[in-house]
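Structure file work-v1.txt with compact mmCIF, C-alpha atoms:
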# COMPACT_ATOMS: atom_id res chain seq x y z
CA MET A 1 0.00 0.00 0.00
CA VAL A 2 2.82 2.43 0.89
CA ASN A 3 4.63 1.20 -2.17
CA LEU A 4 1.61 1.91 -4.33
CA LEU A 5 1.18 5.47 -3.03
CA TRP A 6 4.88 6.28 -3.16
CA GLY A 7 5.29 4.92 -6.68
CA GLY A 8 2.07 6.56 -7.79
CA MET A 9 3.19 9.99 -6.62
CA ILE A 10 6.59 9.83 -8.31
CA LEU A 11 5.44 8.21 -11.55
CA SER A 12 2.50 10.56 -12.04
CA ALA A 13 4.75 13.53 -11.23
CA ILE A 14 7.22 12.53 -13.95
CA ILE A 15 4.44 11.99 -16.50
CA VAL A 16 2.82 15.35 -15.72
CA ALA A 17 6.20 17.10 -15.74
CA GLY A 18 6.89 15.53 -19.15
CA LEU A 19 3.56 16.78 -20.51
CA ASN A 20 4.27 20.27 -19.17
CA GLY A 21 7.85 20.21 -20.45
CA ASN A 22 9.24 20.70 -16.94
CA MET A 23 11.78 17.87 -16.69
CA GLY A 24 14.53 20.18 -15.41
CA GLY A 25 12.39 20.93 -12.39
CA VAL A 26 12.13 17.22 -11.56
CA THR A 27 15.85 16.73 -11.12
CA GLN A 28 16.16 19.95 -9.17
CA THR A 29 13.32 18.99 -6.83
CA ILE A 30 14.85 15.57 -6.13
CA PHE A 31 18.08 17.10 -4.86
CA SER A 32 16.57 19.99 -2.94
CA SER A 33 13.96 17.77 -1.25
CA ALA A 34 16.47 15.13 -0.23
CA GLU A 35 18.70 17.76 1.27
CA LYS A 36 15.80 19.30 3.15
CA ALA A 37 14.86 15.87 4.54
CA VAL A 38 18.22 15.29 6.16
CA GLY A 39 18.22 18.78 7.64
CA LEU A 40 14.78 18.14 9.14
CA ALA A 41 15.87 14.88 10.74
CA PHE A 42 18.73 16.63 12.48
CA GLY A 43 16.45 19.42 13.61
CA LEU A 44 14.37 16.82 15.41
CA ILE A 45 17.18 15.53 17.60
CA SER A 46 16.98 18.24 20.25
CA VAL A 47 13.34 17.97 21.20
CA MET A 48 13.19 14.23 20.64
CA THR A 49 16.02 13.74 23.11
CA PHE A 50 14.25 15.77 25.78
CA TRP A 51 10.90 14.02 25.38
CA LEU A 52 12.29 10.52 25.34
CA GLY A 53 14.07 11.37 28.60
CA ILE A 54 10.83 12.52 30.22
CA MET A 55 8.98 9.49 28.87
CA LYS A 56 11.52 7.23 30.54
CA ILE A 57 10.84 8.91 33.89
CA ILE A 58 7.10 8.45 33.42
CA GLU A 59 7.66 4.82 32.52
CA LYS A 60 9.88 4.07 35.51
CA SER A 61 7.94 5.94 38.18
CA GLY A 62 4.82 3.89 37.68
CA PHE A 63 2.93 7.09 36.87
CA ILE A 64 1.03 4.90 34.45
CA ASP A 65 -0.69 3.13 37.38
CA LEU A 66 -2.61 6.32 38.10
CA ILE A 67 -3.98 6.38 34.58
CA ILE A 68 -4.84 2.69 34.76
CA PHE A 69 -6.93 3.32 37.86
CA PHE A 70 -9.17 5.74 35.95
CA LEU A 71 -9.40 3.61 32.81
CA LYS A 72 -10.45 0.38 34.53
CA PRO A 73 -14.24 0.81 34.56
CA LEU A 74 -14.14 1.77 30.90
CA THR A 75 -12.26 -1.36 29.84
CA TYR A 76 -14.70 -3.63 31.68
CA TRP A 77 -17.43 -2.13 29.54
CA LEU A 78 -15.40 -2.29 26.31
CA PHE A 79 -14.36 -5.93 26.59
CA PRO A 80 -17.30 -7.92 27.94
CA GLY A 81 -15.81 -11.21 26.72
CA VAL A 82 -12.66 -10.95 28.86
CA PRO A 83 -12.81 -11.98 32.55
CA ARG A 84 -12.07 -8.96 34.76
CA ASN A 85 -9.00 -10.33 36.47
CA HIS A 86 -7.61 -12.03 33.35
CA GLN A 87 -4.06 -11.10 32.35
CA ALA A 88 -5.35 -9.86 28.99
CA MET A 89 -7.34 -7.12 30.74
CA ASN A 90 -4.24 -5.89 32.60
CA LEU A 91 -2.12 -5.81 29.48
CA MET A 92 -4.76 -3.96 27.48
CA LEU A 93 -4.96 -1.41 30.30
CA MET A 94 -1.19 -0.92 30.21
CA ASN A 95 -1.30 -0.56 26.44
CA MET A 96 -4.10 2.02 26.46
CA SER A 97 -2.50 4.03 29.26
CA ALA A 98 0.85 4.13 27.48
CA ASN A 99 -0.86 5.32 24.29
CA LEU A 100 -2.70 7.97 26.25
CA LEU A 101 0.60 9.36 27.49
CA GLY A 102 2.05 9.39 23.98
CA MET A 103 4.43 6.52 24.76
CA GLY A 104 3.89 4.62 21.51
CA ASN A 105 7.12 2.65 21.86
CA ALA A 106 6.10 1.35 25.26
CA ALA A 107 2.54 0.66 24.18
CA THR A 108 3.31 -1.80 21.39
CA PRO A 109 4.93 -4.55 23.51
CA PHE A 110 1.97 -4.45 25.95
CA GLY A 111 -0.39 -4.59 23.00
CA LEU A 112 1.29 -7.63 21.49
CA LYS A 113 1.29 -9.48 24.82
CA ALA A 114 -2.37 -8.58 25.24
CA MET A 115 -3.11 -10.11 21.84
CA GLU A 116 -1.40 -13.33 22.91
CA GLU A 117 -3.56 -13.48 26.02
CA LEU A 118 -6.69 -12.71 24.01
CA GLN A 119 -5.73 -15.50 21.63
CA LYS A 120 -5.85 -17.95 24.56
CA LEU A 121 -9.52 -17.05 25.01
CA ASN A 122 -10.16 -17.54 21.28
CA GLN A 123 -11.91 -20.68 20.05
CA ASN A 124 -11.09 -20.23 16.33
CA PRO A 125 -7.39 -19.35 16.32
CA ASP A 126 -7.36 -17.94 12.78
CA THR A 127 -10.36 -15.63 13.26
CA ALA A 128 -10.40 -12.46 15.35
CA THR A 129 -12.77 -12.38 18.33
CA ASP A 130 -15.08 -9.45 19.08
CA ASP A 131 -12.80 -8.28 21.86
CA MET A 132 -9.76 -8.40 19.59
CA CYS A 133 -11.55 -6.22 17.06
CA THR A 134 -12.50 -3.74 19.78
CA PHE A 135 -8.92 -3.64 21.04
CA LEU A 136 -7.67 -3.04 17.50
CA ALA A 137 -10.24 -0.32 16.91
CA ILE A 138 -9.11 1.55 20.01
CA ASN A 139 -5.47 1.18 19.10
CA THR A 140 -5.87 2.43 15.54
CA ALA A 141 -7.80 5.47 16.76
CA SER A 142 -5.16 6.00 19.48
CA LEU A 143 -6.52 8.44 22.05
CA THR A 144 -3.45 10.51 22.93
CA LEU A 145 -3.10 13.31 25.45
CA ILE A 146 0.34 14.38 24.30
CA PRO A 147 1.46 13.78 20.72
CA THR A 148 5.16 14.11 21.55
CA THR A 149 6.50 13.67 18.02
CA ILE A 150 4.31 16.41 16.62
CA ILE A 151 5.38 18.83 19.31
CA ALA A 152 8.97 17.97 18.40
CA ILE A 153 8.37 18.60 14.71
CA ARG A 154 6.60 21.89 15.35
CA THR A 155 9.41 23.04 17.60
CA ALA A 156 11.99 22.11 14.98
CA ALA A 157 10.00 23.99 12.33
CA GLY A 158 10.13 27.14 14.46
CA ALA A 159 6.50 27.37 15.55
CA GLN A 160 5.74 30.31 17.85
CA ASN A 161 3.91 28.08 20.29
CA PRO A 162 4.61 24.43 19.39
CA THR A 163 1.94 23.08 21.72
CA ASP A 164 -0.96 25.19 20.46
CA ILE A 165 -2.29 22.23 18.47
CA LEU A 166 -2.78 20.09 21.58
CA GLY A 167 -6.36 21.21 22.10
CA THR A 168 -7.40 20.58 18.51
CA THR A 169 -5.57 17.24 18.44
CA LEU A 170 -7.32 16.16 21.62
CA ILE A 171 -10.73 16.91 20.14
CA ALA A 172 -9.91 15.24 16.82
CA THR A 173 -8.51 12.11 18.46
CA PHE A 174 -11.53 12.00 20.76
CA CYS A 175 -13.80 12.09 17.71
CA SER A 176 -11.91 9.29 15.97
CA THR A 177 -11.87 7.13 19.10
CA CYS A 178 -15.59 7.63 19.73
CA THR A 179 -16.30 6.76 16.10
CA ALA A 180 -14.18 3.62 16.41
CA VAL A 181 -15.97 2.47 19.57
CA LEU A 182 -19.38 3.28 18.11
CA CYS A 183 -18.71 1.42 14.82
CA ASP A 184 -17.33 -1.50 16.76
CA ARG A 185 -20.51 -1.69 18.84
CA ILE A 186 -22.68 -1.52 15.71
CA TYR A 187 -20.75 -4.36 14.08
CA ARG A 188 -21.03 -6.43 17.25
CA ARG A 189 -24.83 -5.91 17.27
CA LEU A 190 -25.13 -6.87 13.62
CA ASN A 191 -23.10 -10.03 14.12
CA LEU A 192 -25.14 -10.97 17.14
CA ARG A 193 -28.34 -10.60 15.15
CA LYS A 194 -26.95 -12.67 12.28
CA ALA A 195 -25.92 -15.42 14.69
CA ASN A 196 -29.39 -15.42 16.23
CA LEU A 197 -31.08 -15.68 12.84
CA LYS A 198 -29.00 -18.70 11.94
CA LYS A 199 -30.21 -20.55 15.01
CA PRO A 200 -33.34 -22.62 14.31
CA MET K 1 -15.16 31.50 28.21
CA ASP K 2 -15.31 30.96 24.47
CA LEU K 3 -14.18 27.83 22.68
CA TYR K 4 -10.99 29.30 21.35
CA ALA K 5 -9.78 30.49 24.76
CA PHE K 6 -10.70 27.16 26.33
CA ILE K 7 -8.81 25.05 23.77
CA ASN K 8 -5.92 27.45 23.96
CA THR K 9 -5.73 27.09 27.73
CA ILE K 10 -5.70 23.30 27.50
CA SER K 11 -2.93 23.53 24.91
CA LEU K 12 -0.81 25.77 27.11
CA TRP K 13 -1.24 23.77 30.29
CA ILE K 14 -1.05 20.19 29.20
CA VAL K 15 2.70 19.87 28.66
CA PRO K 16 3.95 21.83 31.70
CA GLY K 17 1.21 20.16 33.73
CA LEU K 18 2.26 16.68 32.75
CA LEU K 19 5.92 17.53 33.23
CA PHE K 20 5.19 18.77 36.75
CA LEU K 21 3.05 15.77 37.68
CA ALA K 22 5.51 13.27 36.24
CA LEU K 23 8.55 14.75 37.99
CA PHE K 24 6.64 15.29 41.24
CA TYR K 25 5.33 11.73 41.28
CA ALA K 26 8.71 10.26 40.31
CA SER K 27 10.46 12.19 43.10
CA TYR K 28 7.84 11.00 45.55
CA LYS K 29 8.56 7.45 44.40
CA ARG K 30 12.28 8.10 44.98
CA ILE K 31 13.25 7.62 41.36
CA ARG K 32 16.65 9.06 40.43
CA ILE K 33 15.03 11.38 37.95
CA PHE K 34 18.05 12.86 36.21
CA ASP K 35 19.77 9.51 35.71
CA THR K 36 16.55 8.10 34.32
CA PHE K 37 16.13 11.11 32.08
CA VAL K 38 19.57 10.63 30.56
CA GLU K 39 18.93 6.94 30.09
CA GLY K 40 15.83 7.63 28.02
CA ALA K 41 17.19 10.68 26.23
CA LYS K 42 20.03 8.65 24.72
CA GLU K 43 17.51 7.19 22.28
CA GLY K 44 16.65 10.63 20.86
CA PHE K 45 19.52 10.73 18.42
CA ASN K 46 18.98 7.22 17.09
CA LEU K 47 15.28 7.77 16.64
CA SER K 48 15.83 10.96 14.65
CA VAL K 49 18.48 9.37 12.49
CA ARG K 50 16.27 6.33 11.88
CA LEU K 51 13.71 8.70 10.35
CA ILE K 52 16.09 9.87 7.60
CA PRO K 53 15.22 7.22 4.97
CA PHE K 54 11.50 7.86 5.45
CA LEU K 55 11.98 11.60 5.28
CA VAL K 56 14.13 11.51 2.15
CA GLY K 57 11.81 9.11 0.32
CA MET K 58 8.64 10.95 1.16
CA LEU K 59 9.92 14.50 0.78
CA VAL K 60 11.18 13.74 -2.69
CA ALA K 61 7.90 12.06 -3.68
CA VAL K 62 5.68 14.83 -2.30
CA GLY K 63 7.99 17.53 -3.64
CA LEU K 64 7.84 16.05 -7.14
CA PHE K 65 4.10 15.51 -6.91
CA ARG K 66 3.53 19.15 -6.03
CA GLU K 67 6.14 20.84 -8.24
CA SER K 68 5.21 18.90 -11.38
CA GLY K 69 1.62 20.09 -11.19
CA ALA K 70 0.24 16.57 -10.62
CA MET K 71 -1.18 17.60 -7.25
CA ALA K 72 -2.99 20.54 -8.82
CA MET K 73 -4.56 18.18 -11.37
CA LEU K 74 -5.73 15.74 -8.71
CA SER K 75 -7.03 18.61 -6.62
CA ARG K 76 -9.09 19.98 -9.50
CA LEU K 77 -10.77 16.58 -9.76
CA LEU K 78 -11.47 16.31 -6.05
CA ILE K 79 -12.35 19.92 -5.25
CA PRO K 80 -16.13 19.34 -4.97
CA LEU K 81 -15.42 16.65 -2.38
CA LEU K 82 -12.81 18.67 -0.48
CA ASP K 83 -14.99 21.77 -0.43
CA ILE K 84 -17.65 19.97 1.58
CA ILE K 85 -15.41 19.87 4.65
CA GLY K 86 -13.14 22.75 3.64
CA MET K 87 -9.95 20.71 3.38
CA PRO K 88 -7.07 22.36 1.50
CA PRO K 89 -5.98 20.12 -1.43
CA ASP K 90 -2.38 20.24 -0.20
CA LEU K 91 -3.35 17.94 2.63
CA LEU K 92 -4.38 15.16 0.23
CA PRO K 93 -1.07 13.24 0.24
CA LEU K 94 -1.10 13.26 4.05
CA ALA K 95 -4.71 12.13 4.22
CA LEU K 96 -3.95 9.22 1.89
CA MET K 97 -0.75 8.22 3.66
CA ARG K 98 -1.92 8.54 7.28
CA PRO K 99 -3.64 5.12 7.64
CA VAL K 100 -0.94 3.36 5.61
CA SER K 101 2.45 4.30 7.03
CA GLY K 102 3.15 6.25 10.19
CA SER K 103 6.71 7.34 9.45
CA SER K 104 5.83 8.36 5.91
CA ALA K 105 2.86 10.40 7.13
CA LEU K 106 5.13 12.00 9.71
CA ALA K 107 7.56 12.90 6.94
CA ILE K 108 4.77 14.48 4.88
CA THR K 109 3.56 16.44 7.92
CA THR K 110 7.09 17.76 8.41
CA GLU K 111 7.30 18.75 4.77
CA ILE K 112 3.97 20.60 4.89
CA MET K 113 5.06 22.47 7.99
CA HIS K 114 8.26 23.63 6.37
CA THR K 115 6.62 24.59 3.09
CA TYR K 116 3.66 26.53 4.53
CA GLY K 117 5.03 27.41 7.97
CA PRO K 118 4.16 25.64 11.24
CA ASP K 119 1.75 28.41 12.25
CA SER K 120 -0.19 28.45 8.98
CA LEU K 121 -3.68 26.96 8.94
CA ILE K 122 -2.51 24.12 6.68
CA GLY K 123 0.46 23.42 8.95
CA ARG K 124 -1.77 23.22 12.00
CA MET K 125 -4.31 21.04 10.23
CA ALA K 126 -1.53 18.67 9.21
CA ALA K 127 -0.25 18.49 12.79
CA THR K 128 -3.73 17.82 14.12
CA MET K 129 -4.40 15.14 11.50
CA GLN K 130 -1.11 13.47 12.26
CA GLY K 131 -1.93 13.37 15.97
CA SER K 132 -5.55 12.36 15.73
CA THR K 133 -5.19 8.72 14.65
CA ASP K 134 -2.68 5.92 14.50
CA THR K 135 -1.53 3.95 11.47
CA THR K 136 -4.43 1.56 10.99
CA LEU K 137 -2.74 -0.84 8.56
CA PHE K 138 0.41 -1.08 10.65
CA VAL K 139 -1.44 -1.81 13.88
CA LEU K 140 -3.66 -4.34 12.14
CA THR K 141 -0.76 -6.15 10.48
CA VAL K 142 1.46 -6.26 13.54
CA TYR K 143 -1.14 -7.10 16.18
CA PHE K 144 -3.04 -9.73 14.21
CA GLY K 145 0.10 -11.02 12.52
CA ALA K 146 1.81 -11.60 15.86
CA VAL K 147 -0.76 -14.18 16.97
CA GLY K 148 -1.58 -15.65 13.57
CA ILE K 149 -5.05 -14.21 13.01
CA LYS K 150 -5.93 -14.42 9.32
CA LYS K 151 -9.55 -13.32 9.34
CA SER K 152 -9.62 -9.80 10.71
CA ARG K 153 -13.42 -9.52 10.18
CA TYR K 154 -14.60 -5.91 10.54
CA ALA K 155 -11.45 -4.53 12.21
CA LEU K 156 -10.08 -2.86 9.07
CA ASN K 157 -13.41 -1.17 8.29
CA VAL K 158 -13.71 0.20 11.80
CA GLY K 159 -10.12 1.49 11.70
CA LEU K 160 -10.56 3.24 8.36
CA ILE K 161 -13.93 4.76 9.31
CA ALA K 162 -12.33 6.09 12.50
CA ASP K 163 -9.44 7.53 10.47
CA ALA K 164 -11.88 9.33 8.18
CA ALA K 165 -13.75 10.70 11.20
CA GLY K 166 -10.51 11.92 12.76
CA LEU K 167 -9.48 13.59 9.52
CA VAL K 168 -12.76 15.44 9.07
CA ALA K 169 -12.76 16.42 12.73
CA ALA K 170 -9.19 17.74 12.43
CA VAL K 171 -10.06 19.95 9.47
CA LEU K 172 -13.26 21.28 11.01
CA ILE K 173 -11.88 21.96 14.48
CA CYS K 174 -8.83 23.74 13.06
CA ARG K 175 -11.11 25.92 10.95
CA VAL K 176 -13.03 26.92 14.07
CA VAL K 177 -10.04 27.49 16.32
CA PHE K 178 -7.29 28.83 14.07
CA ALA K 179 -9.02 30.47 11.10
Whole structure given in C-alpha cells:
Amino acid sequence: MVNLLWGGMILSAIIVAGLNGNMGGVTQTIFSSAEKAVGLAFGLISVMTFWLGIMKIIEKSGFIDLIIFFLKPLTYWLFPGVPRNHQAMNLMLMNMSANLLGMGNAATPFGLKAMEELQKLNQNPDTATDDMCTFLAINTASLTLIPTTIIAIRTAAGAQNPTDILGTTLIATFCSTCTAVLCDRIYRRLNLRKANLKKP
Amino acid sequence: MDLYAFINTISLWIVPGLLFLALFYASYKRIRIFDTFVEGAKEGFNLSVRLIPFLVGMLVAVGLFRESGAMAMLSRLLIPLLDIIGMPPDLLPLALMRPVSGSSALAITTEIMHTYGPDSLIGRMAATMQGSTDTTLFVLTVYFGAVGIKKSRYALNVGLIADAAGLVAAVLICRVVFA
C-alpha cells in the first residue's frame, strides 16, 4: 500500500512534468527535497532527546498506574468477553495508558502481549474475536493526550507556540476514538443478530 | 469563556502540567530522575536518524508531486469533495498516507510544515491530522500477525472509518479554532 502510493506519486509527477515540459524541475526537486529531509531529521534531535528522557521517567515511576486506575471501569465495559482479572485485561490497560501518554514505543509490547492473552480465550485461532476487534479499533484510533512527536516537529520547524495544536488534536482524536468504539458496537450488534437468525 | 480560549488554555497547560506531575510523582517514588532522564534521552539521536530514509523518500515524492503540477490536477478533480469539509488540497497526500504508514505520514507532515510554515492553517491542520489517529494498517498487520489471526473480520473497516472521522474532525476543528 505504501509502495503503491509512493510509486504513484513519483510516476504521475514525472508523466505530468513531461507533458508540461518541466523535466529540469524534476531533477532539481529531487536534490533539494532530499537535502531538506536530512536537515529536518537533524532538527528533530533536540526535542526528541528531551521528550524521550521525560517518557523514561514516566515509565519508571509507575505514573502509568494512576492512569490505569481511571481507565479500569471503561475497559470492563469495552471488553465484555474478557474476565475482569484475566491477564489480557491488565495488558490492554497498560497498552491504552501508554498510548494515552504518547508513549507509543512502550505501548506496542503491551499490545502484542495482550493479543497473545486474548488469543488464549479464542476458540477459532485464525479468526479475530469481538474483543480483539475492539482492542484493535481503540489502538488504531489512538486516544493521545500528548502527541510528543508532533510537538517535536513543530518546535523544529520554528512554531511560535509548538503546543498550540494540543487542544485541537485532543478533540480530533476523541472524535476518531468515539467513532471507532461506536462502529465496533454496531458491528457487534449486527453479528449478534446474524448469529441469532441462523439458530433454528 | 469561548471555545478558542478554552482550547488554547488546554494547549498551554497540558505539557507543563504533565511535566510537573511526572517529575513530582517520580520524586515521591524516589526515582533518580536525572539519571533516568539521561537513560531515556540517549535514544533521541537514534530515533531521529532512523527517520532519515522515510523523510528523504517521502519528501522527494511529495515535492515532485507538487512541483510537477500533478497535485494541482488531482485537486481539481477532487475539489467538490474537499470543499464539503473545507480541506485544502495540499493535505491530500497526508490524508492518503496517514492510515498506511506512520513514518511516511510524519515525513509528509514535516514537509507541509516547512513549506507553509508551522503556524499556517494548513500546517496546524496537518499536525492535528497526524496526531488524531494511528496507522491503521500497521497496527492491524502487527497485532493480528503476531498471533496468527488471518480473518480480521470488521477490524479494518472500523479502523478506516475512525481515520476518516478523525481527519474530518481535524479539518473542522482547526477551521473553528485557528481560522
6 Å contacts from chain K to chain A using only C-alpha atoms, as a ChimeraX atom specification: /K:7,10-11,22,26,36-38,40-41,44-45,48,52,55-56,59-61,64-65,68,70,118-119,128,131-134,136,143,149-152,155,158-159,162,165-166,169-170
Separation of CA of Glu111 in chain K from CA of Ala126 in chain K, in Å and rounded to one decimal: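 Straight-line distance from CA of Glu111 in chain K to CA of Ala126 in chain K works out to 9.9 Å.
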Between CA of Asn95 in chain A and CA of Phe110 in chain A - distance in Å to one decimal: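 Separation between CA of Phe110 in chain A and CA of Asn95 in chain A: 5.1 Å.
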Length of the CA of Ile33 in chain K to CA of Leu21 in chain K vector [Å]: 12.8 Å
Nearest candidate to Val100 in chain K (options A:Leu66, A:Met92, A:Leu4, A:Leu74; using all atoms listed in the file): A:Leu4
Nearest to Leu172 in chain K, chosen from K:Met97, K:Leu47, K:Leu92, K:Leu82, with all atoms listed in the file counted in the distances: K:Leu82
Close residues, Ser104 in chain K itself excluded, 7 Å, all atoms listed in the file, min 2 positions apart in chain, as a ChimeraX atom specification: /K:54-55,58,97,101-102,106-108
If you keep C-alpha atoms, can you produce a file of those selected residues as a PDB file, in the coordinates of the input?
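Output below, filename out.pdb:
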ATOM      1  CA  PHE K  54      11.500   7.860   5.450  1.00  0.00           C
ATOM      2  CA  LEU K  55      11.980  11.600   5.280  1.00  0.00           C
ATOM      3  CA  MET K  58       8.640  10.950   1.160  1.00  0.00           C
ATOM      4  CA  MET K  97      -0.750   8.220   3.660  1.00  0.00           C
ATOM      5  CA  SER K 101       2.450   4.300   7.030  1.00  0.00           C
ATOM      6  CA  GLY K 102       3.150   6.250  10.190  1.00  0.00           C
ATOM      7  CA  LEU K 106       5.130  12.000   9.710  1.00  0.00           C
ATOM      8  CA  ALA K 107       7.560  12.900   6.940  1.00  0.00           C
ATOM      9  CA  ILE K 108       4.770  14.480   4.880  1.00  0.00           C
TER      10      ILE K 108
END
Report as JSON the centre and the edge lengths, in Å to one decimal, of the axis-aligned box holding every listed atom of range 80-89 of chain K, padded by 5 Å on each side.
{"center_x": -11.8, "center_y": 19.7, "center_z": -0.2, "size_x": 21.7, "size_y": 16.1, "size_z": 19.6}
Emit a file covering range 136-161 of chain K of the preceding structure with C-alpha atoms, as a tab-separated table (two decimals), in the first residue's frame.
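Dumped to part.tsv:
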chain	number	residue	atom	x	y	z
K	136	THR	CA	-4.43	1.56	10.99
K	137	LEU	CA	-2.74	-0.84	8.56
K	138	PHE	CA	0.41	-1.08	10.65
K	139	VAL	CA	-1.44	-1.81	13.88
K	140	LEU	CA	-3.66	-4.34	12.14
K	141	THR	CA	-0.76	-6.15	10.48
K	142	VAL	CA	1.46	-6.26	13.54
K	143	TYR	CA	-1.14	-7.10	16.18
K	144	PHE	CA	-3.04	-9.73	14.21
K	145	GLY	CA	0.10	-11.02	12.52
K	146	ALA	CA	1.81	-11.60	15.86
K	147	VAL	CA	-0.76	-14.18	16.97
K	148	GLY	CA	-1.58	-15.65	13.57
K	149	ILE	CA	-5.05	-14.21	13.01
K	150	LYS	CA	-5.93	-14.42	9.32
K	151	LYS	CA	-9.55	-13.32	9.34
K	152	SER	CA	-9.62	-9.80	10.71
K	153	ARG	CA	-13.42	-9.52	10.18
K	154	TYR	CA	-14.60	-5.91	10.54
K	155	ALA	CA	-11.45	-4.53	12.21
K	156	LEU	CA	-10.08	-2.86	9.07
K	157	ASN	CA	-13.41	-1.17	8.29
K	158	VAL	CA	-13.71	0.20	11.80
K	159	GLY	CA	-10.12	1.49	11.70
K	160	LEU	CA	-10.56	3.24	8.36
K	161	ILE	CA	-13.93	4.76	9.31
